Every structure is written in structure tokens, then in C-alpha cells.
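A.B. asks: Structure in C-alpha cells, see below.
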Amino acid sequence: MTLSEDPRGTAALLVDSRGRYLLHLRDANKKICDPGTWSIPGGNREGAESSREAVERELLEETGLTVPLEEFTVVDCVGPDGIKGRIRVYLGAWDGDADSLPCPEGIMFRHFDADTIPYLTMCPWTKEVIDLHQSRAPASVPQARPGGRARLNVVGVHLYLEQDGQVLLGLRHPDSAYAGSTHHFLAGHCEQESAVACLVREAEEEAGLVIDPEDVELAHVVHMVDEPGAQPRVGFVFRARQWTGTPQVREPDRCVSWGWWPADALPDRVVPYTRAAIEGIRAGRLYTEMGW
């Protein structure tokens with residue numbers, strides 16, 4: 001088949017090991033294909049792209065995922081202007097958490113089993129694809145290579161300040177959703193910013209400290225999961241060689257006090273990966289893995 005004969009539309013049907021389908025809830029009030037329905041990730045080919053190149057790009061843009069895909073079927077569809085088209089659908093496997101996926105378009109991603117599909121407001125061609133997959137069950141689903149299942153990692157930054165052999169730690173509020181009544185680094189999650197920019201922002205917001213990015217250096221990295229299968233997290237621990245200001249409690253709902261603790265005599269209740277990072281820094285190690 002020539003490129004001009006190949007369907008313009010592409011989509012990816014992702015099935016997890018429990019037989020559930022990853023569905024995408026589309027915007028309801030936009031002039032798009034199948035508004036307000038549950039569908040599957042995908043989009044049209046661009047330029048000289050092949051269908052496979054297009055579906056891999058669209059899947060990455062819409063979900064952040066890169067998974068092995070196999071051609072599955074071609075279905076008919078109708079665009080928002082009433083023009084008929086065709087969509088080449090690919091089949092893949094993914095066992096991750098739908099809630100962890102980014103959603104730059106549409107409303108949300110969710111996993112649904114086949115018994116729930118009839119109760120959803122479904123995109124017609126997506127329902128056709130799922131019905132076809134069910135009729136072929138147990139269908140062959142491409143298996144991800146070991147370690148090859150894409151999974152988004154939460155990126156956190158942490159501030160390591162040391163003076164006279166003592167390390168700055170904050171005591172988290174007892175009602176904090178994470179690590180209540182436990183000591184922790186000054187820390188935060190990266191937003192649309194670099195890790196160093198995040199560190200500088202969090203230091204000012206949480207403790208009133210002013211840090212020049214030029215005075216920041218990477219001291220340690222912790223790659224961790226709380227338990228097997230949980231969302232992985234990467235923690236960058238940065239050392240500030242100098243700073244301006246005295247630590248203040250700027251977010252009392254999260255942190256009730258700041259204190260300097262001897263690096264070799266930390267308080268009993270310290271976030272485990274904080275303790276591991278401090279021990280790694282003192283030992284001259286750059287990297288720690290936990291929970292894998």
C-alpha cells in the first residue's frame with residue numbers, strides 16, 4: 001500500500017494484563033471527532049509519516065508512553081465535518097496506572113474491563129475495535145520487553161544545606177499527607193521548570209532562603225518506589241554552596257519548624273530516602289536505589 005492509500009487516522013488499543021482497556025475521555029464541547037465520548041489514543045498522520053510513525057508519536061504526545069505495537073485492524077470513522085475516513089488501529093500492552101498519565105488533551109484516562117464498556121458513552125469506532133478484540137480473545141497482545149514498559153516518574157528536588165557539620169531539616173506537620181511528624185529535606189516537585197529553578201523557587205517559598213542557581217551543585221540522586229508496582233520517583237538532592245537568609249516557616253500547613261542537625265546524629269524520625277541520601281553524600285556516593 002502506498003502512503004497516499006494508507007488511512008490518515010491512527011489509534012492505539014492498549015490492554016493490561018487483567019484484560020482492561022485504556023480509554024481516553026474526549027472533550028465534550030469542542031469541534032472534534034466524537035466529542036464527549038470514551039475513545040483510545042491516536043491521531044492523524046502528518047506530512048510523510050507512516051501510520052506506525054504517526055501512532056507512536058501520538059501515543060507519546062498524549063500519554064508519554066512508548067510501548068511495542070502490532071497492527072490490529074482498520075475501521076471506518078466520521079469526522080466533525082461529516083466526512084468519512086479510516087483509522088488504522090494498533091494493539092499494545094501496558095500495565096501502568098492510568099491516573100499517573102499526563103492528559104494534555106481531553107479530560108482523563110481510565111482502565112475499563114469489557115463488561116463495563118456497554119455502560120459507557122463510547123466512540124462508535126472504538127466500541128467496534130473493542131468488540132473485535134473481544135471476539136478474538138484471547139488475542140495476541142505484544143508483550144513489553146523486560147524493563148521496557150514506559151512509566152512516568154515523579155521528579156522531586158531536595159535541598160542539602162550544611163554548615164559546621166550540621167544539616168538543615170524540616171519537621172513536617174502532623175497532618176501532612178506525606179511523612180507527618182517526620183524530618184525531611186526542604187523539597188518540592190518539578191513543575192514546568194528545570195530542576196535547579198524548582199529548587200530555587202521552593203527554597204524561597206518554603207523557607208525564605210535566596211539561592212543563586214550558580215551556587216547549586218548536584219550532590220545525590222535517589223531512584224525509589226514505596227513498594228513494587230507503585231509510582232516510581234526520582235529525587236535530585238542539590239547542595240547550595242552559599243545562600244542568603246535564615247530558614248523561616250513559610251508554609252506552616254506543611255512544615256512546623258526548621259532545625260540544624262549533626263550529620264552523624266540525625267533525629268530518629270527522618271524520611272528514609274532523606275537519611276539514605278545524607279549517608280550517600282557523606283560516603284561520597286552519587287546514587288541510591290530504594291524499594292526496587
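Convention: chains lettered A, B, ... in C-alpha cells order; per-chain residue numbering from 1; ligands numbered from 1 as shown.
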Mind running region 42-159 of chain A against region 267-281 of chain A at 12 Å and telling me each contacting residue's nearest atom pair with the distance in Å (one decimal), counting only C-alpha atoms, chain and number ascending, as JSON lines?

C.D. replies:
```
{"residue": "A:Gly156", "atom": "CA", "partner": "A:Tyr273", "partner_atom": "CA", "distance": 12.0}
{"residue": "A:Val157", "atom": "CA", "partner": "A:Thr274", "partner_atom": "CA", "distance": 11.4}
{"residue": "A:His158", "atom": "CA", "partner": "A:Thr274", "partner_atom": "CA", "distance": 8.9}
{"residue": "A:Leu159", "atom": "CA", "partner": "A:Thr274", "partner_atom": "CA", "distance": 10.3}
```

A.B. asks: Rank A:Met122, A:Arg282, A:Gly106, A:Arg88 by their smallest atom-to-atom distance to Asn29 (chain A), using only C-alpha atoms, and report the top residue only.

C.D. replies: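 Closest candidate: A:Gly106.
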
A.B. asks: One decimal, Å: what's the distance from CA of Val256 (chain A) over to CA of Ala195 (chain A), could you say?

C.D. replies: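 Straight-line distance from CA of Val256 (chain A) to CA of Ala195 (chain A) works out to 24.9 Å.
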
A.B. asks: Write out as a PyMOL selection string each polymer residue whose atoms come within 9 Å of Val167 (chain A), counting only C-alpha atoms; drop sequence neighbours fewer than 3 positions from it.

C.D. replies: chain A and resi 160-164+259-263+266+278

A.B. asks: Identify, on the basis of only C-alpha atoms, every residue whose closest approach to region 41-47 of chain A does not exceed 6 Å; exclude the query and any residue fewer than 4 positions from it along the same chain; express the result as a PDB file with all heavy atoms, in the first residue's frame.

C.D. replies:
```pdb
ATOM      1  N   ARG A   8      -5.461   7.951   6.998  1.00  0.00           N
ATOM      2  CA  ARG A   8      -4.842   9.104   7.674  1.00  0.00           C
ATOM      3  C   ARG A   8      -4.895   8.931   9.176  1.00  0.00           C
ATOM      4  O   ARG A   8      -4.012   9.382   9.901  1.00  0.00           O
ATOM      5  CB  ARG A   8      -5.566  10.395   7.284  1.00  0.00           C
ATOM      6  CG  ARG A   8      -5.293  10.867   5.869  1.00  0.00           C
ATOM      7  CD  ARG A   8      -5.744  12.308   5.689  1.00  0.00           C
ATOM      8  NE  ARG A   8      -5.002  13.219   6.545  1.00  0.00           N
ATOM      9  CZ  ARG A   8      -5.552  14.117   7.361  1.00  0.00           C
ATOM     10  NH1 ARG A   8      -6.862  14.219   7.448  1.00  0.00           N
ATOM     11  NH2 ARG A   8      -4.801  14.917   8.082  1.00  0.00           N
ATOM     12  N   GLY A   9      -5.957   8.312   9.674  1.00  0.00           N
ATOM     13  CA  GLY A   9      -6.121   8.169  11.113  1.00  0.00           C
ATOM     14  C   GLY A   9      -5.367   6.979  11.676  1.00  0.00           C
ATOM     15  O   GLY A   9      -5.224   5.943  11.028  1.00  0.00           O
ATOM     16  N   THR A  10      -4.862   7.133  12.905  1.00  0.00           N
ATOM     17  CA  THR A  10      -4.202   6.042  13.617  1.00  0.00           C
ATOM     18  C   THR A  10      -4.684   6.041  15.059  1.00  0.00           C
ATOM     19  O   THR A  10      -5.118   7.078  15.589  1.00  0.00           O
ATOM     20  CB  THR A  10      -2.670   6.191  13.612  1.00  0.00           C
ATOM     21  OG1 THR A  10      -2.301   7.337  14.397  1.00  0.00           O
ATOM     22  CG2 THR A  10      -2.128   6.337  12.199  1.00  0.00           C
ATOM     23  N   ALA A  11      -4.611   4.893  15.713  1.00  0.00           N
ATOM     24  CA  ALA A  11      -5.005   4.797  17.119  1.00  0.00           C
ATOM     25  C   ALA A  11      -4.335   3.585  17.740  1.00  0.00           C
ATOM     26  O   ALA A  11      -3.908   2.659  17.040  1.00  0.00           O
ATOM     27  CB  ALA A  11      -6.521   4.693  17.247  1.00  0.00           C
ATOM     28  N   ALA A  12      -4.233   3.602  19.080  1.00  0.00           N
ATOM     29  CA  ALA A  12      -3.574   2.511  19.808  1.00  0.00           C
ATOM     30  C   ALA A  12      -4.533   1.950  20.853  1.00  0.00           C
ATOM     31  O   ALA A  12      -4.994   2.682  21.745  1.00  0.00           O
ATOM     32  CB  ALA A  12      -2.302   3.008  20.478  1.00  0.00           C
ATOM     33  N   ALA A  54       3.152   7.660  12.972  1.00  0.00           N
ATOM     34  CA  ALA A  54       2.134   8.573  13.497  1.00  0.00           C
ATOM     35  C   ALA A  54       1.569   8.076  14.814  1.00  0.00           C
ATOM     36  O   ALA A  54       1.407   8.844  15.767  1.00  0.00           O
ATOM     37  CB  ALA A  54       1.012   8.746  12.475  1.00  0.00           C
ATOM     38  N   VAL A  55       1.231   6.786  14.895  1.00  0.00           N
ATOM     39  CA  VAL A  55       0.618   6.284  16.125  1.00  0.00           C
ATOM     40  C   VAL A  55       1.622   6.315  17.280  1.00  0.00           C
ATOM     41  O   VAL A  55       1.258   6.610  18.424  1.00  0.00           O
ATOM     42  CB  VAL A  55       0.039   4.864  15.920  1.00  0.00           C
ATOM     43  CG1 VAL A  55       1.128   3.813  15.844  1.00  0.00           C
ATOM     44  CG2 VAL A  55      -0.959   4.539  17.019  1.00  0.00           C
ATOM     45  N   GLU A  58       1.759  10.024  18.321  1.00  0.00           N
ATOM     46  CA  GLU A  58       0.540  10.440  19.005  1.00  0.00           C
ATOM     47  C   GLU A  58       0.451   9.822  20.404  1.00  0.00           C
ATOM     48  O   GLU A  58       0.048  10.482  21.361  1.00  0.00           O
ATOM     49  CB  GLU A  58      -0.694  10.041  18.187  1.00  0.00           C
ATOM     50  CG  GLU A  58      -0.887  10.852  16.913  1.00  0.00           C
ATOM     51  CD  GLU A  58      -1.443  12.240  17.179  1.00  0.00           C
ATOM     52  OE1 GLU A  58      -1.864  12.506  18.320  1.00  0.00           O
ATOM     53  OE2 GLU A  58      -1.475  13.055  16.242  1.00  0.00           O
TER      54      GLU A  58
END
```

A.B. asks: Hey, what does DSSP flag as strand (DSSP E) within region 38-285 of chain A? Can you give it to me as a ChimeraX atom specification?

C.D. replies: /A:38-39,42-44,69-78,84-93,108-112,154-160,162-163,166-172,183-184,186-189,216-224,233-240,255-262

A.B. asks: May I have the residues within 6 Å of Glu227 (chain A) as an MDAnalysis selection string, using only C-alpha atoms and disregarding those fewer than 2 positions away in the same chain?

C.D. replies: chainID A and resid 225 230 291

A.B. asks: From the set A:Ala240, A:Leu60, A:Leu120, A:Leu186, which residue has the shortest atom-to-atom contact distance to Thr37 (chain A), counting only C-alpha atoms?

C.D. replies: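 Using only C-alpha atoms, the shortest distance to Thr37 (chain A) belongs to A:Leu120.
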
A.B. asks: Using only C-alpha atoms, determine which residues lie at most 7 Å from Glu251 (chain A), disregarding the query and same-chain residues fewer than 3 positions distant; provide the list as a ChimeraX atom specification.

C.D. replies: /A:206,254-255

A.B. asks: Output C-alpha atoms for every residue in the selection just made, as a PDB file, in the first residue's frame.

C.D. replies:
```pdb
ATOM      1  CA  GLU A 206       9.151  27.227  51.925  1.00  0.00           C
ATOM      2  CA  ARG A 254       3.392  21.548  55.682  1.00  0.00           C
ATOM      3  CA  CYS A 255       6.362  22.289  57.931  1.00  0.00           C
TER       4      CYS A 255
END
```

A.B. asks: Find the distance between CA of Arg172 (chain A) and CA of Gly284 (chain A) and write it in Å to one decimal.

C.D. replies: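 Computed distance, CA of Arg172 (chain A) to CA of Gly284 (chain A), equals 27.4 Å.
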
A.B. asks: How many Å lie between CA of Glu53 (chain A) and CA of Val78 (chain A), rounded to one decimal?

C.D. replies: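 Those two atoms sit 22.5 Å apart.
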
A.B. asks: Give me, as JSON, numbers by chain, the residues of region 122-271 of chain A that a backbone DSSP run labels alpha helix (DSSP H).

C.D. replies: {"A": [124, 125, 126, 127, 128, 129, 130, 131, 132, 133, 134, 135, 195, 196, 197, 198, 199, 200, 201, 202, 203, 204, 205, 206, 207]}

A.B. asks: Could you save the residues just selected, with C-alpha atoms, as a PDB file, in the first residue's frame?

C.D. replies:
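Saved file selection_32.pdb follows:
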```
ATOM      1  CA  PRO A 124     -18.575   4.193  17.835  1.00  0.00           C
ATOM      2  CA  TRP A 125     -15.418   3.044  16.079  1.00  0.00           C
ATOM      3  CA  THR A 126     -13.642   2.443  19.401  1.00  0.00           C
ATOM      4  CA  LYS A 127     -16.530   0.220  20.502  1.00  0.00           C
ATOM      5  CA  GLU A 128     -16.171  -1.644  17.205  1.00  0.00           C
ATOM      6  CA  VAL A 129     -12.452  -2.159  17.832  1.00  0.00           C
ATOM      7  CA  ILE A 130     -13.007  -3.466  21.364  1.00  0.00           C
ATOM      8  CA  ASP A 131     -15.802  -5.791  20.204  1.00  0.00           C
ATOM      9  CA  LEU A 132     -13.442  -7.156  17.561  1.00  0.00           C
ATOM     10  CA  HIS A 133     -10.694  -7.664  20.133  1.00  0.00           C
ATOM     11  CA  GLN A 134     -13.138  -9.482  22.411  1.00  0.00           C
ATOM     12  CA  SER A 135     -14.295 -11.743  19.578  1.00  0.00           C
ATOM     13  CA  ALA A 195      15.201  21.086  38.465  1.00  0.00           C
ATOM     14  CA  VAL A 196      17.516  23.877  39.638  1.00  0.00           C
ATOM     15  CA  ALA A 197      14.849  26.525  39.007  1.00  0.00           C
ATOM     16  CA  CYS A 198      12.437  24.414  41.046  1.00  0.00           C
ATOM     17  CA  LEU A 199      14.948  24.198  43.900  1.00  0.00           C
ATOM     18  CA  VAL A 200      15.486  27.960  43.936  1.00  0.00           C
ATOM     19  CA  ARG A 201      11.730  28.594  43.918  1.00  0.00           C
ATOM     20  CA  GLU A 202      10.960  26.069  46.658  1.00  0.00           C
ATOM     21  CA  ALA A 203      13.740  27.401  48.901  1.00  0.00           C
ATOM     22  CA  GLU A 204      12.215  30.887  48.799  1.00  0.00           C
ATOM     23  CA  GLU A 205       8.602  29.712  49.092  1.00  0.00           C
ATOM     24  CA  GLU A 206       9.151  27.227  51.925  1.00  0.00           C
ATOM     25  CA  ALA A 207      11.885  28.842  53.991  1.00  0.00           C
TER      26      ALA A 207
END
```

A.B. asks: Which one is closest to Ser50 (chain A): A:Ser181, A:Ala28, A:Arg86, A:Pro7? Count only C-alpha atoms.

C.D. replies: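 Counting only C-alpha atoms, the residue closest to Ser50 (chain A) is A:Pro7.
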